[in-house]
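Visitor: The structure's right below; bear with me while I get my questions together.
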Amino acid sequence: EHGAPWLIQGVIFDIAERKNAEEQVAFLAYHDKLTGLPNRALFEELLDSAIARARRNDSGVGVLYLDLDNFKMVNDSLGHHAGDLLLAQLADRLRTCTRDTDLVARQGGDEFLLLLGDLDRDLEEGGANPALAAAEVVAHRVRDALAEPFDLHGTSFFATGSIGISLFPQDAQDAESLMRNADAAMYRTKKQEPGGFMLFSDGDADPAHTFSLTTRLREAVREEHWVLHWQPIIDIETGEVESLEALIRWQDPKGGLVPPLEFIPLAEELGLIEAIGDWVIAELARQHADWREQGLDMRVGFNLSPRQLWSARLAEKIMSNLRAGDVDPRRVIVEITESTAMADPERTQKILADLHAWGFTLALDDFGTGYSSLARLKHMPVDVLKIDKTFVHGVHGDMGQASMVRAMIQLAQGLNMTPLAEGVETPQEHEFLRANGCRLAQGFLYSRPVPAEEIPSLVKREAGLLPVASHG
Ligand code: C2E
Ligand code: CA
Ligand code: CA
């Protein structure tokens with residue numbers, strides 16, 4: 001019949017399509033999206049085999065760790081687009097610095113790795129080390145490659161980078177240590193001679209040594225150097241604590257408490273966010289059980305990053321953690337930002353509906369900073385609309401801003417969502433929000449995010465957390 005060829009064609013097409021998709025997934029798992037370069041995982045694997053080969057052939061291997069010195073300036077002054085453009089152009093230039101058999105990879109952020117394999121290891125007359133000489137040649141080439149300005153949408157930008165070098169066999173015996181040592185050497189370069197290069201030395205291996213943010217963040221994930229602080233959300237009429245938002249901090253053994261905006265974006269990019277997010281949920285469940293034992297049955301919220309939201313079996317993962325602490329999902333608020341939600345609204349809508357069905361309360365964070373379509377918003381199963389602090393700050397003194405915040409409060413009410421104002425810092429802001437029907441509020445005026453031990457006394461305060469001025 002006429003149907004058969006169609007069917008066959010359809011099947012063939014499906015297989016081809018799937019094969020393609022699998023190849024694509026394999027490629028994506030080992031390559032960096034922005035530059036197309038191999039990523040750290042692939043670099044480490046290829047470094048492993050280069051070391052194995054070097055053992056057999058009595059040859060050497062070199063690792064160069066490159067970190068740009070002024071990348072943050074590009075992002076801050078010219079924007080992320082320009083930053084991405086710089087990294088892509090830099091990747092192209094780095095490819096030309098090595099032999100075809102060498103490897104250039106992106107480690108993450110503005111950090112790159114170069115692998116030089118099969119280096120000659122026989123010392124020359126006079127003791128010169130040809131492997132080291134080869135690595136130095138490449139380091140010089142990298143520096144030359146940076147000498148020309150980058151064209152970032154018509155703006156010329158001069159980038160400089162610091163390099164650390166480590167060599168097999170003298171500096172380390174395995175891939176991971178070789179990379180760590182190159183990182184340590186890079187860090188010393190950055191401090192002592194930015195824009196230059198240095199060879200790993202034993203002093204760099206000192207445990208008190210500072211590594212790059214990427215390496216330290218990986219270690220923090222391994223060792224779970226995290227702590228949650230909790231910020232009260234209050235009922236604007238009574239000042240009572242309505243719920244608590246969990247906000248993560250990184251307890252860097254050497255750097256004190258690092259705020260989340262300094263590492264969450266990098267963690268997201270490096271694929272570490274899911275591990276961190278899992279810790280947050282587990283800790284939230286543990287803390288909730290702990291407070292219950294003290295007679296406090298709090299409502300608690302936490303933040304989900306984009307990658308977490310897209311991760312498979314999200315609801316089950318959260319639920320299994322909550323069961324471990326015997327926490328009712330109806331006591332838990334899940335926050336996602338407006339821009340995350342609107343990046344792929346159809347998919348988000350399904351995930352949120354799933355979470356809703358489990359009983360979670362859903363909050364749309366940083367509202368006003370993304371680009372919501374009202375038609376979409378109407379269909380998002382969201383319970384709380386968190387008005388971003390940039391709108392709240394100084395709201396009583398600016399007529400345009402005041403009417404925007406009023407509109408957002410009304411929008412929330414119209415969509416059957418509870419309006420919540422973030423970042424309330426002054427009694428005037430508080431009073432404006434109260435008078436305009438915003439039901440919930442959060443901000444330094446009531447309380448900063450605090451360690452868990454401080455919560456019970458805050459919650460039990462007779463007069464709630466209202467500013468003194470608005471009591472009479
Ligand atoms: P957010 O979810 O919008 O959290 C509120 C941020 O505003 C917190 O910053 C809080 O300390 C700050 N804040 C609260 N009241 C005031 C105020 O009155 N004035 C001002 N200027 N700021 C106020 P924090 O703790 O530094 O967190 C920053 C962001 O990091 C959070 O923004 C959230 O997007 C992200 N984040 C925090 N914890 C986590 C987490 O566990 N997972 C994920 N994925 N992201 C997190
Ligand atoms: Ca939040
Ligand atoms: Ca927010």
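Convention: chains lettered A, B, ... in structure tokens order; per-chain residue numbering from 1; ligands numbered from 1 as shown.
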9 Å from ligand 1 is the threshold here; counting only C-alpha atoms and all ligand atoms, which polymer residues fall inside it? Answer as a PyMOL selection string.
Guide: chain A and resi 228-231+245-249+258-265+268+273-274+276-277+279-281+302-308+335-337+365-366+386+388-390+393+422-426+442-449
Visitor: Can you list, as a list in words, every protein, DNA or RNA residue that comes within 6 Å of Gly195 in chain A when you count only C-alpha atoms, leaving out same-chain residues fewer than 5 positions away?
Guide: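 Neighbouring residues, sequence-local ones excluded: Thr160, Gly161 and Ser162 of chain A.
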Visitor: Please report, as a VMD selection string, each residue of range 325-403 of chain A to which DSSP assigns alpha helix (DSSP H) when run on this structure's backbone.
Guide: chain A and resid 338 to 343 345 to 358 374 to 379 389 to 392 399 to 403
Visitor: From the set A:Lys254, A:Arg106, A:Arg121, A:Arg99, which residue has the shortest atom-to-atom contact distance to Val137 in chain A, counting only C-alpha atoms?
Guide: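 Result for the nearest residue to Val137 in chain A: A:Arg99.
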Visitor: Using only C-alpha atoms for the distances, tell me which of A:Tyr65, A:Phe168, A:Phe367, A:Phe200 is nearest to Ala131 in chain A.
Guide: A:Phe168
Visitor: Contacts of range 74-91 of chain A at 8 Å or less, counting only C-alpha atoms, minus same-chain residues fewer than 6 places along, as JSON, numbers by chain?
Guide: {"A": [34, 35, 37, 110, 146, 150, 151, 152, 153]}
Visitor: Keeping only all heavy atoms, take the residues you just selected and write them out as a PDB file, in the first residue's frame.
Guide:
```pdb
ATOM      1  N   LEU A  34      30.867  27.750  23.916  1.00  0.00           N
ATOM      2  CA  LEU A  34      31.207  29.080  23.425  1.00  0.00           C
ATOM      3  C   LEU A  34      32.349  29.058  22.406  1.00  0.00           C
ATOM      4  O   LEU A  34      32.274  29.688  21.353  1.00  0.00           O
ATOM      5  CB  LEU A  34      31.573  29.975  24.613  1.00  0.00           C
ATOM      6  CG  LEU A  34      32.040  31.377  24.279  1.00  0.00           C
ATOM      7  CD1 LEU A  34      30.908  32.173  23.658  1.00  0.00           C
ATOM      8  CD2 LEU A  34      32.550  32.078  25.533  1.00  0.00           C
ATOM      9  N   THR A  35      33.417  28.330  22.713  1.00  0.00           N
ATOM     10  CA  THR A  35      34.613  28.388  21.872  1.00  0.00           C
ATOM     11  C   THR A  35      34.749  27.180  20.960  1.00  0.00           C
ATOM     12  O   THR A  35      35.579  27.195  20.050  1.00  0.00           O
ATOM     13  CB  THR A  35      35.875  28.441  22.749  1.00  0.00           C
ATOM     14  OG1 THR A  35      35.906  27.244  23.553  1.00  0.00           O
ATOM     15  CG2 THR A  35      35.868  29.657  23.658  1.00  0.00           C
ATOM     16  N   LEU A  37      36.140  24.611  21.826  1.00  0.00           N
ATOM     17  CA  LEU A  37      37.354  23.905  22.260  1.00  0.00           C
ATOM     18  C   LEU A  37      36.983  22.709  23.132  1.00  0.00           C
ATOM     19  O   LEU A  37      35.921  22.691  23.745  1.00  0.00           O
ATOM     20  CB  LEU A  37      38.232  24.843  23.092  1.00  0.00           C
ATOM     21  CG  LEU A  37      38.952  25.978  22.384  1.00  0.00           C
ATOM     22  CD1 LEU A  37      39.696  26.822  23.418  1.00  0.00           C
ATOM     23  CD2 LEU A  37      39.910  25.453  21.324  1.00  0.00           C
ATOM     24  N   ASP A 110      37.672  32.399  32.182  1.00  0.00           N
ATOM     25  CA  ASP A 110      38.679  32.930  31.253  1.00  0.00           C
ATOM     26  C   ASP A 110      39.979  32.152  31.403  1.00  0.00           C
ATOM     27  O   ASP A 110      41.050  32.706  31.269  1.00  0.00           O
ATOM     28  CB  ASP A 110      38.904  34.420  31.525  1.00  0.00           C
ATOM     29  CG  ASP A 110      39.348  34.680  32.947  1.00  0.00           C
ATOM     30  OD1 ASP A 110      39.196  33.773  33.793  1.00  0.00           O
ATOM     31  OD2 ASP A 110      39.863  35.777  33.224  1.00  0.00           O
ATOM     32  N   LEU A 146      48.588  37.367  22.182  1.00  0.00           N
ATOM     33  CA  LEU A 146      47.787  38.341  22.921  1.00  0.00           C
ATOM     34  C   LEU A 146      48.184  39.778  22.611  1.00  0.00           C
ATOM     35  O   LEU A 146      47.486  40.716  22.984  1.00  0.00           O
ATOM     36  CB  LEU A 146      47.926  38.096  24.430  1.00  0.00           C
ATOM     37  CG  LEU A 146      47.205  36.871  24.998  1.00  0.00           C
ATOM     38  CD1 LEU A 146      47.602  36.646  26.458  1.00  0.00           C
ATOM     39  CD2 LEU A 146      45.705  37.043  24.893  1.00  0.00           C
ATOM     40  N   PHE A 150      42.153  42.928  20.564  1.00  0.00           N
ATOM     41  CA  PHE A 150      40.957  42.213  20.123  1.00  0.00           C
ATOM     42  C   PHE A 150      39.912  43.234  19.678  1.00  0.00           C
ATOM     43  O   PHE A 150      39.815  44.303  20.272  1.00  0.00           O
ATOM     44  CB  PHE A 150      40.390  41.372  21.277  1.00  0.00           C
ATOM     45  CG  PHE A 150      41.270  40.213  21.634  1.00  0.00           C
ATOM     46  CD1 PHE A 150      42.328  40.365  22.522  1.00  0.00           C
ATOM     47  CD2 PHE A 150      41.051  38.965  21.072  1.00  0.00           C
ATOM     48  CE1 PHE A 150      43.158  39.302  22.849  1.00  0.00           C
ATOM     49  CE2 PHE A 150      41.874  37.882  21.386  1.00  0.00           C
ATOM     50  CZ  PHE A 150      42.926  38.059  22.290  1.00  0.00           C
ATOM     51  N   ASP A 151      39.176  42.885  18.650  1.00  0.00           N
ATOM     52  CA  ASP A 151      38.139  43.800  18.163  1.00  0.00           C
ATOM     53  C   ASP A 151      36.798  43.360  18.743  1.00  0.00           C
ATOM     54  O   ASP A 151      36.224  42.365  18.326  1.00  0.00           O
ATOM     55  CB  ASP A 151      38.111  43.761  16.628  1.00  0.00           C
ATOM     56  CG  ASP A 151      36.997  44.645  16.082  1.00  0.00           C
ATOM     57  OD1 ASP A 151      36.363  45.376  16.877  1.00  0.00           O
ATOM     58  OD2 ASP A 151      36.769  44.596  14.860  1.00  0.00           O
ATOM     59  N   LEU A 152      36.322  44.116  19.730  1.00  0.00           N
ATOM     60  CA  LEU A 152      35.068  43.759  20.380  1.00  0.00           C
ATOM     61  C   LEU A 152      33.991  44.746  19.951  1.00  0.00           C
ATOM     62  O   LEU A 152      33.877  45.826  20.512  1.00  0.00           O
ATOM     63  CB  LEU A 152      35.234  43.776  21.910  1.00  0.00           C
ATOM     64  CG  LEU A 152      36.422  42.954  22.440  1.00  0.00           C
ATOM     65  CD1 LEU A 152      36.522  43.087  23.956  1.00  0.00           C
ATOM     66  CD2 LEU A 152      36.301  41.499  22.025  1.00  0.00           C
ATOM     67  N   HIS A 153      33.267  44.397  18.944  1.00  0.00           N
ATOM     68  CA  HIS A 153      32.229  45.272  18.399  1.00  0.00           C
ATOM     69  C   HIS A 153      32.776  46.674  18.151  1.00  0.00           C
ATOM     70  O   HIS A 153      32.174  47.663  18.554  1.00  0.00           O
ATOM     71  CB  HIS A 153      31.033  45.382  19.349  1.00  0.00           C
ATOM     72  CG  HIS A 153      30.400  44.070  19.671  1.00  0.00           C
ATOM     73  ND1 HIS A 153      29.897  43.226  18.728  1.00  0.00           N
ATOM     74  CD2 HIS A 153      30.200  43.459  20.865  1.00  0.00           C
ATOM     75  CE1 HIS A 153      29.402  42.154  19.306  1.00  0.00           C
ATOM     76  NE2 HIS A 153      29.585  42.260  20.604  1.00  0.00           N
TER      77      HIS A 153
END
```
Visitor: Could you state the separation of CA of Leu103 in chain A and CA of Leu115 in chain A in Å, given to one decimal place?
Guide: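 These two atoms are separated by 5.0 Å.
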Visitor: Among range 223-412 of chain A, which ones does DSSP assign to strand (DSSP E or B) (computed from the backbone)? Answer as number ranges by chain.
Guide: A: 226-235, 241-252, 256-258, 300-303, 332-337, 361-367, 384-387
Visitor: Between CA of Thr418 in chain A and CA of Trp310 in chain A, what is the spacing in Å?
Guide: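 Rounded to one decimal, the two atoms are 25.2 Å apart.
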Visitor: Can you list, as a list in words, every protein, DNA or RNA residue that comes within 12 Å of Asp354 in chain A when you count only C-alpha atoms, leaving out same-chain residues fewer than 2 positions away?
Guide: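 Contacts, in chain order: Leu309, Arg313, Leu314, Ala315, Glu316, Ile318, Met319, Arg347, Thr348, Gln349, Lys350, Ile351, Leu352, His356, Ala357, Trp358, Gly359, Phe360, Thr361, Leu362, Met380, Pro381 and Val382 of chain A.
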Visitor: When you look at Ser177 in chain A with a cut-off of 12 Å (counting only C-alpha atoms), what residues show up, excluding the ones that are within fewer than 3 positions of it in the same chain? I need them as a PyMOL selection string.
Guide: chain A and resi 44+47-48+51+63+166-174+180-184+200+204-205+215
Visitor: If you keep N, CA and C atoms, can you produce a file of those selected residues as a PDB file, in the first residue's frame?
Guide:
```pdb
ATOM      1  N   GLU A  44      41.652  16.373  30.494  1.00  0.00           N
ATOM      2  CA  GLU A  44      42.216  15.488  31.513  1.00  0.00           C
ATOM      3  C   GLU A  44      42.402  14.074  30.960  1.00  0.00           C
ATOM      4  N   LEU A  47      45.312  14.116  28.574  1.00  0.00           N
ATOM      5  CA  LEU A  47      46.547  14.286  29.334  1.00  0.00           C
ATOM      6  C   LEU A  47      46.959  12.953  29.952  1.00  0.00           C
ATOM      7  N   ASP A  48      45.977  12.225  30.478  1.00  0.00           N
ATOM      8  CA  ASP A  48      46.241  10.880  31.006  1.00  0.00           C
ATOM      9  C   ASP A  48      46.948  10.023  29.975  1.00  0.00           C
ATOM     10  N   ILE A  51      50.487  11.103  29.241  1.00  0.00           N
ATOM     11  CA  ILE A  51      51.424  10.711  30.308  1.00  0.00           C
ATOM     12  C   ILE A  51      51.794   9.226  30.167  1.00  0.00           C
ATOM     13  N   VAL A  63      52.172  21.055  30.647  1.00  0.00           N
ATOM     14  CA  VAL A  63      50.851  21.666  30.763  1.00  0.00           C
ATOM     15  C   VAL A  63      51.024  23.162  31.001  1.00  0.00           C
ATOM     16  N   SER A 166      53.732  23.392  34.125  1.00  0.00           N
ATOM     17  CA  SER A 166      54.226  22.261  34.902  1.00  0.00           C
ATOM     18  C   SER A 166      54.526  21.095  33.964  1.00  0.00           C
ATOM     19  N   LEU A 167      55.544  20.326  34.320  1.00  0.00           N
ATOM     20  CA  LEU A 167      56.078  19.306  33.421  1.00  0.00           C
ATOM     21  C   LEU A 167      56.056  17.913  34.040  1.00  0.00           C
ATOM     22  N   PHE A 168      55.722  16.925  33.203  1.00  0.00           N
ATOM     23  CA  PHE A 168      55.906  15.529  33.571  1.00  0.00           C
ATOM     24  C   PHE A 168      57.256  15.102  33.019  1.00  0.00           C
ATOM     25  N   PRO A 169      58.089  14.386  33.723  1.00  0.00           N
ATOM     26  CA  PRO A 169      57.831  13.776  35.021  1.00  0.00           C
ATOM     27  C   PRO A 169      58.275  14.596  36.230  1.00  0.00           C
ATOM     28  N   GLN A 170      58.987  15.712  36.054  1.00  0.00           N
ATOM     29  CA  GLN A 170      59.616  16.311  37.241  1.00  0.00           C
ATOM     30  C   GLN A 170      58.632  16.930  38.231  1.00  0.00           C
ATOM     31  N   ASP A 171      57.506  17.489  37.747  1.00  0.00           N
ATOM     32  CA  ASP A 171      56.622  18.228  38.658  1.00  0.00           C
ATOM     33  C   ASP A 171      55.469  17.399  39.214  1.00  0.00           C
ATOM     34  N   ALA A 172      55.019  16.397  38.502  1.00  0.00           N
ATOM     35  CA  ALA A 172      53.900  15.585  38.976  1.00  0.00           C
ATOM     36  C   ALA A 172      53.817  14.317  38.152  1.00  0.00           C
ATOM     37  N   GLN A 173      53.131  13.312  38.694  1.00  0.00           N
ATOM     38  CA  GLN A 173      53.088  11.996  38.059  1.00  0.00           C
ATOM     39  C   GLN A 173      51.739  11.680  37.419  1.00  0.00           C
ATOM     40  N   ASP A 174      50.726  12.473  37.723  1.00  0.00           N
ATOM     41  CA  ASP A 174      49.418  12.164  37.130  1.00  0.00           C
ATOM     42  C   ASP A 174      48.769  13.445  36.611  1.00  0.00           C
ATOM     43  N   ARG A 180      46.923  20.871  38.529  1.00  0.00           N
ATOM     44  CA  ARG A 180      46.919  21.662  39.764  1.00  0.00           C
ATOM     45  C   ARG A 180      48.204  22.462  39.898  1.00  0.00           C
ATOM     46  N   ASN A 181      49.318  21.810  39.585  1.00  0.00           N
ATOM     47  CA  ASN A 181      50.609  22.483  39.727  1.00  0.00           C
ATOM     48  C   ASN A 181      50.754  23.630  38.726  1.00  0.00           C
ATOM     49  N   ALA A 182      50.238  23.412  37.523  1.00  0.00           N
ATOM     50  CA  ALA A 182      50.281  24.484  36.528  1.00  0.00           C
ATOM     51  C   ALA A 182      49.427  25.660  37.012  1.00  0.00           C
ATOM     52  N   ASP A 183      48.289  25.353  37.620  1.00  0.00           N
ATOM     53  CA  ASP A 183      47.410  26.374  38.185  1.00  0.00           C
ATOM     54  C   ASP A 183      48.141  27.156  39.282  1.00  0.00           C
ATOM     55  N   ALA A 184      48.808  26.412  40.174  1.00  0.00           N
ATOM     56  CA  ALA A 184      49.525  27.063  41.275  1.00  0.00           C
ATOM     57  C   ALA A 184      50.610  27.993  40.741  1.00  0.00           C
ATOM     58  N   PHE A 200      56.387  25.779  37.576  1.00  0.00           N
ATOM     59  CA  PHE A 200      56.010  25.284  38.887  1.00  0.00           C
ATOM     60  C   PHE A 200      57.249  25.089  39.759  1.00  0.00           C
ATOM     61  N   ASP A 204      55.049  26.180  45.448  1.00  0.00           N
ATOM     62  CA  ASP A 204      53.659  26.323  45.008  1.00  0.00           C
ATOM     63  C   ASP A 204      52.773  25.216  45.564  1.00  0.00           C
ATOM     64  N   ALA A 205      53.379  24.062  45.903  1.00  0.00           N
ATOM     65  CA  ALA A 205      52.587  22.919  46.348  1.00  0.00           C
ATOM     66  C   ALA A 205      52.172  23.055  47.808  1.00  0.00           C
ATOM     67  N   THR A 215      39.712  26.133  40.448  1.00  0.00           N
ATOM     68  CA  THR A 215      40.244  25.004  41.205  1.00  0.00           C
ATOM     69  C   THR A 215      39.715  25.016  42.640  1.00  0.00           C
TER      70      THR A 215
END
```
Visitor: Could you name the residues that touch Leu272 in chain A at 8 Å or less, counting only C-alpha atoms, but leaving out those on the same chain fewer than 5 positions away, as a compact mmCIF listing (two decimals) with C-alpha atoms, in the first residue's frame?
Guide:
```txt
# COMPACT_ATOMS: atom_id res chain seq x y z
CA ARG A 218 35.98 22.35 42.60
CA VAL A 221 32.28 21.14 45.99
CA ALA A 267 29.51 26.92 39.15
```
Visitor: So, with only C-alpha atoms and all ligand atoms as the atoms that count, which of A:Leu364, A:Ala282, A:Leu64, A:Cys97 lies closest to ligand 3?
Guide: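 For ligand 3, the nearest of the given residues is A:Leu364.
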